[in-house]
Amino acid sequence: MNAVSTRAEHGPATDGAPTRWNRHIGPLFAAMWLVYLSYPWSAAWSAAPGVARTVSLASVAGFAAVFLLGFYRVRVRRLRGEDEPRPWVVWLVLAVEAALVGGMGLAARENALAGLVFIAVSSVFFLPVREAVGVVVVLVAAGEVLPRTLPGWVPTDSLGLQVVVASVAVFGVTQVMARNAELARARTELADLAVARERERMARDVHDILGHSLTVITVKAELAGRLLPDFPGRAAREVAEVEQLARAALADVRATVSGFREMSLANELASARVALEAAGVEAHLPSAADEVPEGLRELFAWTVREGTTNVVRHAAARTCTITLSSTQVRVSDDGVGPDGSVATGSGLVGLRERAAAAGARVVLGRSAAGGFELCVEPGSAR
């Protein structure tokens, strides 16, 4: 695993760009730790004037600038979702930091080794885990060996421990930040998924609404056309009803899109009677739906709508019967019987989803009269 690719800075930013707060809080936090460069700065400042002193002071300032600039640039790239810096650029930054530590050591001596802690932090922040561990091991060894081998330098027994502790701390913090970034991405994906599901629901509802309404409108328009030569008055009434149905369908679509539409079982039964009679199908429907629990009425209303639409469209039936109970709704006819294209249609797919959400199932089969039967009843889908 690449340690760089798991940093929290990969988290999403608004409109693909880091916010002002996200972009600056990290470098400000990193700048706070530069206070530890006061040790090599003080040691170099206290040294005798000369080239070594000047080089050491300039190296301390340059080291702080390189450390902050590298941290800032990588963080911003990650916030923007851009590619990681090329490996050679990362190694060049670490090499420059190491060279500046050497420059600090000209006058600051062993105090310059405080810069090894910052190099360790940079390696953990920039490099893959294995490479970062290798760099930290080298830095610990350098911190322990150099003060004991260079003349005039005083060993610092805790330096190696400081390098290790700083590296582990930074690694732990970046892992926590990475998990937070993953959670942020997960929340974004869940939000996108919720939007997609809502779009699917809306598309399904609009399909079912228009499928039924347009079927009834088509049947009544055909009826009006047949009646027009001999019964113009009745044809005019049918045309007027077509207009009313079209307006109702438009209102239903608008209500569905707005999220305020509720299905009424009583209304769907009345609509089913009109649609079946217009199609020349004898309708046997319940006169009331009072025994149906409130929690099942919307599902049963969708079932009546879908079943009636299928009868009018596909059944070529003479009669249609709808029965209701407190747990079940059944739509049956005496038409041509089950058909594969009907059983897998979009309307039935949507009805199955609604039934599953209510803890019910859709059962399709042949009716007692030899036609098609649609039933919604308690139980899980098979």
# chains A, B, ... in the order shown; residues from 1 in each chain; ligands from 1
call {"tool": "select_by_dssp", "arguments": {"residues": "region 126-281 of chain A", "states": "alpha helix (DSSP H)", "output": "number ranges by chain"}}
result
A: 126, 129-149, 159-227, 232-258, 265-278
call {"tool": "residues_around", "arguments": {"residues": "Trp153 (chain A)", "least_positions_apart": "2", "cutoff": "6 Å", "atoms": "only C-alpha atoms", "output": "VMD selection string"}}
result
chain A and resid 109 to 110 147 150 to 151
call {"tool": "closest_residue", "arguments": {"among": "A:Arg318, A:Ala356, A:Gly350, A:Ser46", "to": "Glu200 (chain A)", "atoms": "only C-alpha atoms"}}
result
A:Gly350
call {"tool": "atom_distance", "arguments": {"atom1": "CA of Gly211 (chain A)", "atom2": "CA of Arg352 (chain A)"}}
result
16.6 Å
call {"tool": "residues_around", "arguments": {"residues": "Ser167 (chain A)", "least_positions_apart": "4", "cutoff": "12 Å", "atoms": "only C-alpha atoms", "output": "PyMOL selection string"}}
result
chain A and resi 116-126+129+132-137+139-140+160-163+171-174
call {"tool": "atom_distance", "arguments": {"atom1": "CA of Thr215 (chain A)", "atom2": "CA of Asn310 (chain A)"}}
result
9.4 Å
call {"tool": "closest_residue", "arguments": {"among": "A:Ala108, A:Arg226, A:Lys220, A:Pro49", "to": "Glu241 (chain A)", "atoms": "only C-alpha atoms"}}
result
A:Lys220
call {"tool": "atom_distance", "arguments": {"atom1": "CA of Leu265 (chain A)", "atom2": "CA of Ala289 (chain A)"}}
result
7.1 Å
call {"tool": "select_by_dssp", "arguments": {"residues": "region 307-376 of chain A", "states": "strand (DSSP E)", "output": "short mmCIF file (atom, residue, chain, number, x, y, z; two decimals) with C-alpha atoms, in the first residue's frame"}}
result
data_model
loop_
_atom_site.label_atom_id
_atom_site.label_comp_id
_atom_site.auth_asym_id
_atom_site.auth_seq_id
_atom_site.Cartn_x
_atom_site.Cartn_y
_atom_site.Cartn_z
CA THR A 319 -64.34 -9.91 -17.60
CA CYS A 320 -61.99 -8.70 -14.88
CA THR A 321 -62.36 -9.32 -11.16
CA ILE A 322 -60.60 -7.46 -8.38
CA THR A 323 -60.83 -8.81 -4.84
CA LEU A 324 -59.58 -7.20 -1.66
CA VAL A 329 -55.32 -7.93 -3.40
CA ARG A 330 -56.02 -10.01 -6.49
CA VAL A 331 -56.65 -8.92 -10.10
CA SER A 332 -57.78 -11.71 -12.44
CA ASP A 333 -59.31 -11.97 -15.89
CA ALA A 360 -45.04 -8.56 0.67
CA ARG A 361 -44.58 -10.46 -2.56
CA VAL A 362 -46.05 -10.44 -6.06
CA VAL A 363 -47.48 -13.73 -7.33
CA LEU A 364 -48.28 -14.17 -11.02
CA GLY A 365 -50.19 -17.05 -12.52
CA ARG A 366 -53.22 -18.34 -14.35
CA PHE A 372 -54.00 -13.92 -16.07
CA GLU A 373 -53.91 -13.33 -12.33
CA LEU A 374 -51.89 -10.80 -10.36
CA CYS A 375 -51.79 -11.17 -6.61
CA VAL A 376 -49.96 -9.27 -3.87
#
